[in-house]
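One file, model-v6.cif, is given below (mmCIF, C-alpha atoms).
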```
data_entry
loop_
_atom_site.group_PDB
_atom_site.id
_atom_site.type_symbol
_atom_site.label_atom_id
_atom_site.label_comp_id
_atom_site.auth_asym_id
_atom_site.auth_seq_id
_atom_site.Cartn_x
_atom_site.Cartn_y
_atom_site.Cartn_z
ATOM 1 C CA MET A 29 -14.183 -25.574 -1.962
ATOM 2 C CA ARG A 30 -15.482 -23.238 0.739
ATOM 3 C CA PRO A 31 -16.588 -19.727 -0.385
ATOM 4 C CA GLY A 32 -13.918 -18.121 1.807
ATOM 5 C CA THR A 33 -11.154 -20.221 0.284
ATOM 6 C CA ALA A 34 -12.396 -19.484 -3.228
ATOM 7 C CA LEU A 35 -12.431 -15.748 -2.569
ATOM 8 C CA GLN A 36 -8.856 -15.830 -1.220
ATOM 9 C CA ALA A 37 -7.699 -17.729 -4.298
ATOM 10 C CA VAL A 38 -9.333 -15.238 -6.680
ATOM 11 C CA VAL A 39 -7.875 -12.179 -4.931
ATOM 12 C CA LEU A 40 -4.404 -13.737 -4.754
ATOM 13 C CA ALA A 41 -4.530 -14.661 -8.437
ATOM 14 C CA VAL A 42 -5.398 -11.086 -9.399
ATOM 15 C CA LEU A 43 -2.487 -9.701 -7.403
ATOM 16 C CA LEU A 44 -0.072 -12.237 -8.846
ATOM 17 C CA VAL A 45 -1.084 -11.254 -12.368
ATOM 18 C CA GLY A 46 -0.304 -7.645 -11.472
ATOM 19 C CA LEU A 47 3.042 -8.726 -10.030
ATOM 20 C CA ARG A 48 4.013 -10.566 -13.195
ATOM 21 C CA ALA A 49 2.973 -7.573 -15.284
ATOM 22 C CA ALA A 50 5.336 -5.401 -13.242
ATOM 23 C CA THR A 51 8.433 -7.525 -13.880
ATOM 24 C CA GLY A 52 9.565 -5.054 -16.531
ATOM 25 C CA ARG A 53 10.985 -2.771 -13.832
ATOM 26 C CA LEU A 54 14.534 -3.073 -12.561
ATOM 27 C CA LEU A 55 15.045 -5.477 -9.658
ATOM 28 C CA SER A 56 17.592 -5.209 -6.892
ATOM 29 C CA GLY A 57 20.862 -6.863 -7.953
ATOM 30 C CA GLN A 58 19.847 -7.100 -11.612
ATOM 31 C CA PRO A 59 22.801 -6.308 -13.919
ATOM 32 C CA VAL A 60 22.166 -3.447 -16.316
ATOM 33 C CA CYS A 61 24.541 -2.094 -18.975
ATOM 34 C CA ARG A 62 24.742 0.912 -21.262
ATOM 35 C CA GLY A 63 22.686 0.202 -24.371
ATOM 36 C CA GLY A 64 21.916 -3.228 -22.944
ATOM 37 C CA THR A 65 25.358 -4.757 -23.624
ATOM 38 C CA GLN A 66 27.997 -2.010 -23.443
ATOM 39 C CA ARG A 67 30.405 -1.778 -20.547
ATOM 40 C CA PRO A 68 30.525 -0.589 -17.881
ATOM 41 C CA CYS A 69 27.632 -2.464 -16.276
ATOM 42 C CA TYR A 70 26.020 -1.766 -12.930
ATOM 43 C CA LYS A 71 24.085 -3.447 -10.154
ATOM 44 C CA VAL A 72 21.933 -1.342 -7.859
ATOM 45 C CA ILE A 73 21.577 -3.189 -4.565
ATOM 46 C CA TYR A 74 18.527 -2.163 -2.567
ATOM 47 C CA PHE A 75 17.200 -3.918 0.554
ATOM 48 C CA HIS A 76 13.563 -3.624 1.623
ATOM 49 C CA ASP A 77 14.641 -4.879 5.031
ATOM 50 C CA THR A 78 16.815 -2.127 6.526
ATOM 51 C CA SER A 79 18.494 -4.591 8.877
ATOM 52 C CA ARG A 80 20.146 -6.271 5.863
ATOM 53 C CA ARG A 81 21.832 -3.106 4.598
ATOM 54 C CA LEU A 82 25.625 -2.918 4.764
ATOM 55 C CA ASN A 83 28.272 -0.545 5.998
ATOM 56 C CA PHE A 84 30.843 0.866 3.585
ATOM 57 C CA GLU A 85 33.445 -1.893 3.906
ATOM 58 C CA GLU A 86 30.819 -4.641 3.677
ATOM 59 C CA ALA A 87 29.407 -3.097 0.506
ATOM 60 C CA LYS A 88 32.875 -2.689 -0.985
ATOM 61 C CA GLU A 89 33.713 -6.330 -0.263
ATOM 62 C CA ALA A 90 30.396 -7.538 -1.691
ATOM 63 C CA CYS A 91 31.093 -5.781 -4.993
ATOM 64 C CA ARG A 92 34.665 -7.077 -5.083
ATOM 65 C CA ARG A 93 33.576 -10.689 -4.546
ATOM 66 C CA ASP A 94 31.086 -10.268 -7.392
ATOM 67 C CA GLY A 95 33.822 -9.083 -9.782
ATOM 68 C CA GLY A 96 33.150 -5.351 -9.519
ATOM 69 C CA GLN A 97 33.831 -2.277 -7.387
ATOM 70 C CA LEU A 98 31.742 0.267 -5.580
ATOM 71 C CA VAL A 99 30.637 2.627 -8.319
ATOM 72 C CA SER A 100 32.846 5.491 -9.447
ATOM 73 C CA ILE A 101 30.820 8.245 -11.117
ATOM 74 C CA GLU A 102 33.075 9.992 -13.597
ATOM 75 C CA SER A 103 30.758 12.396 -15.448
ATOM 76 C CA GLU A 104 27.401 14.125 -15.306
ATOM 77 C CA ASP A 105 26.073 11.717 -17.939
ATOM 78 C CA GLU A 106 27.007 8.751 -15.773
ATOM 79 C CA GLN A 107 25.415 10.458 -12.762
ATOM 80 C CA ASN A 108 22.169 10.858 -14.719
ATOM 81 C CA LEU A 109 22.334 7.229 -15.814
ATOM 82 C CA ILE A 110 22.666 6.031 -12.214
ATOM 83 C CA GLU A 111 19.723 8.219 -11.212
ATOM 84 C CA LYS A 112 17.552 6.589 -13.879
ATOM 85 C CA PHE A 113 18.546 3.128 -12.661
ATOM 86 C CA ILE A 114 17.527 3.993 -9.104
ATOM 87 C CA GLU A 115 14.265 5.604 -10.183
ATOM 88 C CA ASN A 116 13.380 2.491 -12.189
ATOM 89 C CA LEU A 117 14.036 0.374 -9.109
ATOM 90 C CA LEU A 118 11.233 2.228 -7.242
ATOM 91 C CA PRO A 119 12.912 2.109 -3.822
ATOM 92 C CA SER A 120 11.704 3.858 -0.687
ATOM 93 C CA ASP A 121 13.943 5.989 1.545
ATOM 94 C CA GLY A 122 17.528 4.767 1.757
ATOM 95 C CA ASP A 123 20.880 6.185 0.676
ATOM 96 C CA PHE A 124 23.353 4.333 -1.567
ATOM 97 C CA TRP A 125 27.074 3.892 -0.952
ATOM 98 C CA ILE A 126 29.314 4.983 -3.825
ATOM 99 C CA GLY A 127 33.057 4.298 -4.106
ATOM 100 C CA LEU A 128 34.273 7.692 -2.857
ATOM 101 C CA ARG A 129 36.168 7.993 0.416
ATOM 102 C CA ARG A 130 38.380 10.505 2.154
ATOM 103 C CA ARG A 131 42.028 9.422 2.352
ATOM 104 C CA GLU A 132 43.253 10.478 5.742
ATOM 105 C CA GLU A 133 46.933 9.782 5.023
ATOM 106 C CA LYS A 134 47.023 12.668 2.521
ATOM 107 C CA GLN A 135 45.478 15.176 4.878
ATOM 108 C CA SER A 136 47.434 18.343 5.668
ATOM 109 C CA ASN A 137 46.607 21.810 6.852
ATOM 110 C CA SER A 138 47.009 23.236 3.338
ATOM 111 C CA THR A 139 44.689 20.732 1.609
ATOM 112 C CA ALA A 140 40.993 21.519 1.286
ATOM 113 C CA CYS A 141 38.675 18.881 2.685
ATOM 114 C CA GLU A 142 36.907 18.172 -0.618
ATOM 115 C CA ASP A 143 40.273 17.517 -2.294
ATOM 116 C CA LEU A 144 40.989 14.596 0.039
ATOM 117 C CA TYR A 145 38.367 12.315 -1.509
ATOM 118 C CA ALA A 146 39.349 9.599 -3.994
ATOM 119 C CA TRP A 147 37.656 6.693 -5.742
ATOM 120 C CA THR A 148 38.319 3.266 -4.261
ATOM 121 C CA ASP A 149 38.533 1.645 -7.738
ATOM 122 C CA GLY A 150 41.499 3.829 -8.709
ATOM 123 C CA SER A 151 39.598 6.257 -10.945
ATOM 124 C CA ILE A 152 41.143 9.740 -11.087
ATOM 125 C CA SER A 153 37.925 11.479 -12.158
ATOM 126 C CA GLN A 154 37.351 14.818 -10.435
ATOM 127 C CA PHE A 155 33.624 14.879 -11.101
ATOM 128 C CA ARG A 156 31.656 15.638 -7.912
ATOM 129 C CA ASN A 157 27.977 16.105 -7.145
ATOM 130 C CA TRP A 158 27.992 17.290 -3.530
ATOM 131 C CA TYR A 159 24.906 18.548 -1.757
ATOM 132 C CA VAL A 160 25.091 22.153 -0.560
ATOM 133 C CA ASP A 161 27.570 22.584 2.342
ATOM 134 C CA GLU A 162 29.004 19.105 1.778
ATOM 135 C CA PRO A 163 31.350 17.490 2.502
ATOM 136 C CA SER A 164 31.270 18.380 6.185
ATOM 137 C CA CYS A 165 34.382 16.242 6.927
ATOM 138 C CA GLY A 166 34.992 15.558 10.606
ATOM 139 C CA SER A 167 34.217 11.947 11.460
ATOM 140 C CA GLU A 168 32.290 11.459 8.228
ATOM 141 C CA VAL A 169 34.708 9.777 5.834
ATOM 142 C CA CYS A 170 32.684 7.690 3.351
ATOM 143 C CA VAL A 171 30.248 8.989 0.737
ATOM 144 C CA VAL A 172 26.648 8.156 -0.066
ATOM 145 C CA MET A 173 24.280 9.214 -2.801
ATOM 146 C CA TYR A 174 21.190 10.701 -1.194
ATOM 147 C CA HIS A 175 17.842 8.985 -1.726
ATOM 148 C CA GLN A 176 15.285 10.412 0.713
ATOM 149 C CA PRO A 177 12.103 11.045 -1.326
ATOM 150 C CA SER A 178 9.920 11.510 1.769
ATOM 151 C CA ALA A 179 12.249 13.954 3.539
ATOM 152 C CA PRO A 180 11.422 17.690 3.487
ATOM 153 C CA ALA A 181 13.638 19.657 1.129
ATOM 154 C CA GLY A 182 16.687 21.348 2.638
ATOM 155 C CA ILE A 183 18.603 24.462 1.667
ATOM 156 C CA GLY A 184 19.951 22.632 -1.380
ATOM 157 C CA GLY A 185 16.590 21.234 -2.456
ATOM 158 C CA PRO A 186 15.318 17.646 -2.103
ATOM 159 C CA TYR A 187 17.732 15.063 -0.766
ATOM 160 C CA MET A 188 17.781 13.149 -4.024
ATOM 161 C CA PHE A 189 20.936 11.862 -5.756
ATOM 162 C CA GLN A 190 23.357 14.506 -4.461
ATOM 163 C CA TRP A 191 26.364 13.264 -2.510
ATOM 164 C CA ASN A 192 26.964 13.446 1.208
ATOM 165 C CA ASP A 193 29.822 12.309 3.422
ATOM 166 C CA ASP A 194 28.647 9.906 6.110
ATOM 167 C CA ARG A 195 30.039 7.707 8.865
ATOM 168 C CA CYS A 196 31.433 4.542 7.343
ATOM 169 C CA ASN A 197 29.666 2.281 9.838
ATOM 170 C CA MET A 198 26.203 3.435 8.770
ATOM 171 C CA LYS A 199 24.023 0.834 7.050
ATOM 172 C CA ASN A 200 23.016 1.700 3.497
ATOM 173 C CA ASN A 201 22.227 0.266 0.089
ATOM 174 C CA PHE A 202 25.011 0.350 -2.510
ATOM 175 C CA ILE A 203 25.867 0.367 -6.225
ATOM 176 C CA CYS A 204 28.447 -1.829 -7.929
ATOM 177 C CA LYS A 205 30.199 -1.069 -11.209
ATOM 178 C CA TYR A 206 31.713 -3.587 -13.642
ATOM 179 C CA SER A 207 34.250 -2.297 -16.177
ATOM 180 C CA ASP A 208 36.257 -4.031 -18.894
ATOM 181 C CA GLU A 209 39.456 -2.774 -17.336
ATOM 182 C CA LYS A 210 39.589 -3.442 -13.629
ATOM 183 C CA PRO A 211 42.008 -0.967 -12.018
ATOM 184 C CA ALA A 212 44.176 -2.287 -9.257
ATOM 185 C CA VAL A 213 42.720 -1.646 -5.842
ATOM 186 C CA PRO A 214 45.110 0.351 -3.621
ATOM 187 C CA SER A 215 47.038 -2.048 -1.438
ATOM 188 C CA GLY A 216 46.757 -0.057 1.747
ATOM 189 C CA GLU A 217 43.379 0.344 3.352
ATOM 190 C CA PRO A 218 42.626 4.009 4.021
ATOM 191 C CA GLU A 219 42.911 5.064 7.582
ATOM 192 C CA GLY A 220 40.086 6.700 9.443
ATOM 193 C CA GLU A 221 36.916 5.525 11.081
ATOM 194 C CA GLU A 222 36.773 1.831 11.873
ATOM 195 C CA THR A 223 33.862 -0.145 10.527
ATOM 196 C CA GLU A 224 32.182 -3.335 11.618
ATOM 197 C CA PRO A 225 33.543 -6.686 10.378
ATOM 198 C CA THR A 226 32.491 -7.298 6.830
ATOM 199 C CA THR A 227 29.815 -9.846 6.031
ATOM 200 C CA PRO A 228 30.026 -10.693 2.309
ATOM 201 C CA VAL A 229 26.744 -10.844 0.455
ATOM 202 C CA LEU A 230 26.112 -12.562 -2.853
ATOM 203 C CA LEU A 231 24.481 -10.131 -5.249
ATOM 204 C CA GLU A 232 22.580 -12.919 -6.990
ATOM 205 C CA GLU A 233 20.754 -13.488 -3.725
ATOM 206 C CA THR A 234 19.585 -9.886 -3.511
ATOM 207 C CA GLN A 235 17.560 -10.159 -6.731
ATOM 208 C CA GLU A 236 15.964 -13.377 -5.540
ATOM 209 C CA GLU A 237 15.288 -11.805 -2.148
ATOM 210 C CA ASP A 238 13.677 -8.777 -3.811
ATOM 211 C CA ALA A 239 11.352 -10.994 -5.843
ATOM 212 C CA LYS A 240 10.471 -13.116 -2.791
ATOM 213 C CA LYS A 241 9.863 -10.005 -0.724
ATOM 214 C CA THR A 242 7.528 -8.545 -3.357
ATOM 215 C CA PHE A 243 5.674 -11.860 -3.680
ATOM 216 C CA LYS A 244 5.340 -12.142 0.095
ATOM 217 C CA GLU A 245 3.996 -8.605 0.400
ATOM 218 C CA SER A 246 1.493 -9.236 -2.410
ATOM 219 C CA ARG A 247 0.341 -12.489 -0.804
ATOM 220 C CA GLU A 248 -0.063 -10.827 2.582
ATOM 221 C CA ALA A 249 -2.052 -8.018 0.979
ATOM 222 C CA ALA A 250 -4.317 -10.571 -0.713
ATOM 223 C CA LEU A 251 -4.907 -12.451 2.525
ATOM 224 C CA ASN A 252 -5.601 -9.250 4.432
ATOM 225 C CA LEU A 253 -8.154 -8.226 1.815
ATOM 226 C CA ALA A 254 -9.761 -11.660 1.993
ATOM 227 C CA TYR A 255 -9.956 -11.492 5.798
ATOM 228 C CA ILE A 256 -11.787 -8.182 5.479
ATOM 229 C CA LEU A 257 -14.272 -9.368 2.853
ATOM 230 C CA ILE A 258 -15.075 -12.875 4.122
ATOM 231 C CA PRO A 259 -16.674 -11.864 7.490
ATOM 232 C CA GLY A 260 -19.035 -9.547 5.605
ATOM 233 C CA ILE A 261 -20.455 -12.320 3.385
ATOM 234 C CA PRO A 262 -23.040 -13.645 5.956
ATOM 235 C CA LEU A 263 -24.243 -10.104 6.628
ATOM 236 C CA LEU A 264 -24.570 -9.464 2.888
ATOM 237 C CA LEU A 265 -26.568 -12.689 2.422
ATOM 238 C CA LEU A 266 -28.845 -11.768 5.337
ATOM 239 C CA PHE A 267 -29.468 -8.361 3.786
ATOM 240 C CA VAL A 268 -30.330 -9.908 0.404
ATOM 241 C CA VAL A 269 -32.703 -12.493 1.936
ATOM 242 C CA SER A 270 -34.431 -9.846 4.066
ATOM 243 C CA THR A 271 -34.895 -7.610 1.025
ATOM 244 C CA VAL A 272 -36.452 -10.452 -1.010
ATOM 245 C CA VAL A 273 -38.807 -11.470 1.829
ATOM 246 C CA CYS A 274 -39.983 -7.872 2.327
ATOM 247 C CA TRP A 275 -40.569 -7.460 -1.407
ATOM 248 C CA VAL A 276 -42.637 -10.685 -1.658
ATOM 249 C CA TRP A 277 -44.714 -9.759 1.389
ATOM 250 C CA SER A 278 -45.389 -6.296 -0.007
ATOM 251 C CA CYS A 279 -46.542 -7.716 -3.360
ATOM 252 C CA ARG A 280 -48.909 -10.200 -1.713
ATOM 253 C CA LYS A 281 -50.393 -7.529 0.515
ATOM 254 C CA ARG A 282 -51.263 -5.384 -2.511
ATOM 255 C CA GLN A 283 -53.226 -8.266 -4.062
ATOM 256 C CA VAL A 284 -55.599 -8.672 -1.042
ATOM 257 C CA LYS A 285 -58.856 -6.663 -1.444
ATOM 258 C CA PRO A 286 -60.141 -4.975 1.683
ATOM 259 C CA SER A 287 -63.377 -6.511 3.041
ATOM 260 C CA LEU A 288 -66.498 -4.398 3.139
ATOM 261 C CA TYR A 289 -67.625 -3.164 6.481
ATOM 262 C CA LYS A 290 -70.957 -4.546 7.451
ATOM 263 C CA PRO A 291 -73.060 -2.259 9.651
ATOM 264 C CA LEU A 292 -74.137 -3.578 13.031
ATOM 265 C CA HIS A 293 -77.803 -4.069 13.712
ATOM 266 C CA LEU A 294 -79.726 -3.983 16.917
ATOM 267 C CA LEU A 295 -83.380 -4.963 17.247
ATOM 268 C CA LEU A 296 -85.459 -3.784 20.162
ATOM 269 C CA SER A 297 -88.830 -5.170 21.053
ATOM 270 C CA LEU A 298 -91.702 -3.168 19.562
ATOM 271 C CA ARG A 299 -94.607 -2.160 21.728
ATOM 272 C CA PHE A 300 -98.073 -1.518 20.520
ATOM 273 C CA GLY A 301 -98.630 2.038 19.414
ATOM 274 C CA TYR A 302 -94.993 2.954 19.756
ATOM 275 C CA CYS A 303 -92.908 3.222 16.591
ATOM 276 C CA PRO A 304 -89.502 4.665 17.421
ATOM 277 C CA VAL A 305 -86.919 5.504 14.771
ATOM 278 C CA TYR A 306 -83.425 4.023 15.063
ATOM 279 C CA PHE A 307 -80.111 4.820 13.396
ATOM 280 C CA THR A 308 -77.023 2.778 12.593
ATOM 281 C CA LYS A 309 -73.436 3.952 12.205
ATOM 282 C CA THR A 310 -71.802 3.025 8.887
ATOM 283 C CA HIS A 311 -68.209 4.063 8.327
ATOM 284 C CA GLY A 312 -68.584 7.067 10.643
ATOM 285 C CA SER A 313 -71.959 8.326 9.298
ATOM 286 C CA THR A 314 -75.481 7.658 10.557
ATOM 287 C CA LYS A 315 -78.277 6.134 8.532
ATOM 288 C CA SER A 316 -81.994 5.860 9.345
ATOM 289 C CA ILE A 317 -83.715 2.516 8.979
ATOM 290 C CA THR A 318 -87.310 1.348 9.139
ATOM 291 C CA ILE A 319 -88.865 -0.965 11.656
ATOM 292 C CA ALA A 320 -88.999 -3.737 9.065
ATOM 293 C CA ASP A 321 -85.265 -3.683 8.816
ATOM 294 C CA TRP A 322 -84.908 -4.718 12.416
ATOM 295 C CA ARG A 323 -87.086 -7.788 12.341
ATOM 296 C CA ALA A 324 -84.239 -10.114 11.353
ATOM 297 C CA ALA A 325 -81.530 -8.464 13.492
ATOM 298 C CA SER A 326 -80.073 -10.090 16.587
ATOM 299 C CA LEU A 327 -80.914 -8.740 20.037
ATOM 300 C CA THR A 328 -77.234 -8.949 20.970
ATOM 301 C CA ASP A 329 -75.939 -6.477 18.342
ATOM 302 C CA GLN A 330 -74.741 -3.042 19.455
ATOM 303 C CA GLY A 331 -74.187 0.365 17.940
ATOM 304 C CA ILE A 332 -77.781 1.714 17.698
ATOM 305 C CA GLN A 333 -78.762 5.084 19.136
ATOM 306 C CA LYS A 334 -82.328 5.866 20.034
ATOM 307 C CA TYR A 335 -83.744 9.392 19.545
#
```
Before anything else, please render the file you have as structure tokens.
Amino acid sequence: MRPGTALQAVVLAVLLVGLRAATGRLLSGQPVCRGGTQRPCYKVIYFHDTSRRLNFEEAKEACRRDGGQLVSIESEDEQNLIEKFIENLLPSDGDFWIGLRRREEKQSNSTACEDLYAWTDGSISQFRNWYVDEPSCGSEVCVVMYHQPSAPAGIGGPYMFQWNDDRCNMKNNFICKYSDEKPAVPSGEPEGEETEPTTPVLLEETQEEDAKKTFKESREAALNLAYILIPGIPLLLLFVVSTVVCWVWSCRKRQVKPSLYKPLHLLLSLRFGYCPVYFTKTHGSTKSITIADWRAASLTDQGIQKY
């Protein structure tokens, strides 16, 4: 196996171990019930890919085909429970459709806007958790639960879990609710803003998609890390080899003893009756020598000064 391939395999294995360790968190489309088994149960549907999110009618139909309804939140305790489910899912920005919608056929001049909203599953609960200054009504008929953790806080605080009326053709995540007693769905579809044709989605596929998406992202991260590390291996090896060579050369140099400097000699012919004195230079200093010292010196040597 090549070193690069081995490194990729090791990094990918480490990330996969971390992925398996994280399976304790809630996954998109995973059914969760009160106390583990008590009804009602819920499925929080979150899409990493924003292009796969659904409009209100598509989300409503997806829940219906799965045996549930878009969630009706009937108390503050249930609101808090839904918030915990979403937090455990660890999603990024993206609102969630809930089963509240304005019924245009009941509208009249004497009815307040907020009193026109009703649950699509037939619940008569009057519990509401509107954001400040909501609902704004107008063309916004359907209701979402805010989930914008990265958005700056507004006049009502962070845009987290409060309700907001929105255009029904917007693409969002959604929450389904499964009760023991399934109320009859109103026969007439509420009038108002038209939405795009529904495209049913199987909720079992969303959980599988979430797991595949997480695995794909982890694998891509592992490969990217490997691509960064592998090109640096030759440079690292070159650095190590250079360091070892320099260290060996330095050690060998310290073991070599410096050679002694031998002074140069110059012999000049002696004449009768003339005995000059000569000097040699040894390591920068001068030294006098006798005539006898020159007898064996070569005539070709240099470095002698005559005085």
Inset, instruction - Using only C-alpha atoms, determine which residues lie at most 6 Å from segment 92-96 of chain A, disregarding the query and same-chain residues fewer than 2 positions distant; provide the list as a list of chain:residue names. - result: A:Glu89, A:Ala90, A:Lys205, A:Tyr206
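Each of A:Pro163, A:Pro119, A:Gly127, A:Gly184 was compared to Ala140 of chain A using only C-alpha atoms, and A:Pro163 turns out to be the nearest.
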Legend entry - Shell around Cys141 of chain A at 9 Å using all atoms listed in the file, local window under 3 positions removed, as JSON, numbers by chain: {"A": [130, 135, 144, 145, 163, 164, 165]}
Legend entry - Explicit residues for the PyMOL selection byres ((chain A and resi 148-160) around 10) (as a ChimeraX atom specification): /A:88,92,96-104,107,126-131,142-143,145-147,161-164,171-174,182-193,205,210-214,217-218
Inset, instruction - For Tyr70 of chain A, list every protein, DNA or RNA residue within 9 Å, evaluated using all atoms listed in the file, and leave out those in the same chain fewer than 5 positions away; present the list as a list in words. - result: Gly57, Gln58, Pro59, Val60, Cys61, Arg62, Gly96, Val99, Ile110, Phe113, Ile203, Cys204, Lys205, Tyr206 and Ser207 of chain A
